[in-house]
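Chemist: Here it is, the structure, as structure tokens.
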Amino acid sequence: MDIPVVFSTDENYLFYTVIAITSMAEHAGRDTFYRIYLLVSGKLEKGHPLLTQLQERYGNIGIHLLSVGEDAFGGVHINNPHVTKATFYRLLLSELLQDDICIYLDSDVIVNTDLQQLFRTQLGDAYIGGVRDLWIDFLPDADRERRRERSRIPSMDQYVNAGVLLFNLKNLRRDHMAERFRAHMKIDYPYEDQDILNVCCYDRIVHLPARWNLFTLFMGRLGEMEKKGIDRNTVMAFGERKGIIHYATPFIRPWESRRFLCNDIWWEYAGRWQDSREYQAMEKSMERQEAGYGGKRLAAYCRDYKTICIWGFTEQGRKIYASLQAAGVAGKICFIDMDPEKRKFTYCGIPVLAFLPEAYRPGKILYILAGQRSGNEVRRMLRRAGIRDADIVRYVRKDVVYYQCLRPEFDEEEDGNA
């Protein structure tokens with residue numbers, strides 16, 4: 001069976017896309033052939049070494065690049081730091097492909113089963129098929145209502161996650177839905193194109209079984225699912241972990257740490273590419289990122305630096321200070337904050353300073369980002385100032401969800417909320 005599968009990707013996500021395709025190819029049935037389309041902005045070349053190797057390695061896939069003009073997405077609104085314009089490309093699939101049906105996948109997935117059953121799902125008169133967003137069931141009623149109002153949708157009961165979708169391209173073309181999607185790109189939705197799809201396709205969505213979009217965020221919450229009355233088949237699917245595993249939660253993504261549930265599965269397929277420079281760079285980056293997952297680990301990382309700058313004079317920043325002080329590295333710590341009011345304070349005799357790029361010395365100063373929401377913004381600012389990624393660590397706050405997602409074998413390494 002010939003199955004068209006679409007990814008939206010760019011240079012930053014290409015290696016993750018290759019890993020997702022690797023898992024697909026290795027689990028394809030004997031008569032399954034995946035015709036894979038990569039929606040790109042034109043910066044990626046067809047002869048990219050990773051794509052050439054991927055095509056040579058697996059005979060049950062064919063890779064095609066579809067260039068999407070950036071002009072169509074110039075005015076889109078992006079509210080989430082991990083989202084790029086590439087995610088909007090799928091809204092124009094009915095104009096880019098001639099097929100009647102196609103599967104769309106985010107790049108942060110592992111496919112550990114054949115996709116023929118998913119592809120054969122009957123959509124009838126619907127526009128899309130997707131898995132209901134389980135996150136909605138974990139929201140308090142008031143938060144769910146605020147979420148519904150912000151998304152401008154009649155009800156959240158049908159709301160699906162857009163990371164795995166079955167597109168009925170025939171119906172979308174028939175009803176000129178690409179034009180409607182374009183009009184909605186001008187609206188500031190909190191969850192970007194995912195909201196656009198749910199709003200525009202409302203009442204024309206088929207709900208797929210949970211196995212086709214298993215969020216790793218919920219892998220450690222099976223008992224909580226049962227208490228909330230989530231149907232047994234969904235709970236069983238998360239327990240079996242057979243289908244499409246979706247690494248959609250930023251702080252537990254596998255390329256940032258191996259320590260969370262199902263991340264070992266992702267690294268199994270990433271390991272097929274361990275001789276590539278992309279794999280080696282990713283592994284090195286992950287080792288640095290993991291420094292932010294615990295006080296003891298972070299303290300060991302700090303010892304290679306003369307000065308430690310905790311970015312953010314906040315409660316979390318002070319907790320990081322206390323953890324490092326206990327580990328014997330507090331004598332070379334300072335605080336940095338962009339708020340001039342906070343720079344009037346001292347803490348344990350340490351002043352809160354402004355950021356001075358001219359004082360930066362490569363390899364001598366480590367910046368620890370204490371803020372959870374502003375971390376990506378601060379990282380971009382530091383990069384613009386010429387600071388290396390190797391000298392920036394984002395501290396990960398440990399809460400109930402963190403420990404729910406943690407693989408059991410890492411329990412002994414934990415040192416509390418630092």
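Labels used: A, B, ... for chains in the order of the structure tokens, numbers from 1 for residues in each chain, and numbers from 1 for ligands as shown.
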Do a neighbour search on region 207-220 of chain A at 6 Å with only C-alpha atoms, toss out local chain neighbours closer than 3 positions, and write the hits as a list in words.
Modeler: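 Close residues of region 207-220 of chain A: Gly129, Gly130, Val131, Thr234, Ala237, Phe238, Gly243, Ile244, Ile245, His246, Tyr247, Gln404 and Cys405 of chain A.
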Chemist: Kindly indicate which residue among A:Val199, A:Ala183, A:Leu105, A:Leu96 lies nearest to Leu169 (chain A), using only C-alpha atoms for the distances.
Modeler: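 Ranking A:Val199, A:Ala183, A:Leu105, A:Leu96 by distance to Leu169 (chain A), first place goes to A:Leu96.
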Chemist: Apply DSSP to the backbone of this structure and, from region 150-199 of chain A, keep only the residues in alpha helix (DSSP H); write these as number ranges by chain.
Modeler: A: 150-151, 169-174, 177-184, 192-199
Chemist: Which is closest to Gly163 (chain A) among A:Ala248, A:Cys102, A:Ala291, A:Ile187, if we use only C-alpha atoms?
Modeler: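 Using only C-alpha atoms, the shortest distance to Gly163 (chain A) belongs to A:Ala248.
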Chemist: Among region 217-418 of chain A, which ones does DSSP assign to strand (DSSP E or B) (computed from the backbone)? Answer as an MDAnalysis selection string.
Modeler: chainID A and resid 244:246 260 307:311 333:336 346:347 350:353 365:369 392:394 406
Chemist: For Arg259 (chain A), list every protein, DNA or RNA residue within 12 Å, evaluated using only C-alpha atoms, and leave out those in the same chain fewer than 5 positions away; present the list as number ranges by chain.
Modeler: A: 251-254, 264-267, 286-287, 289-290, 293-294, 402-414
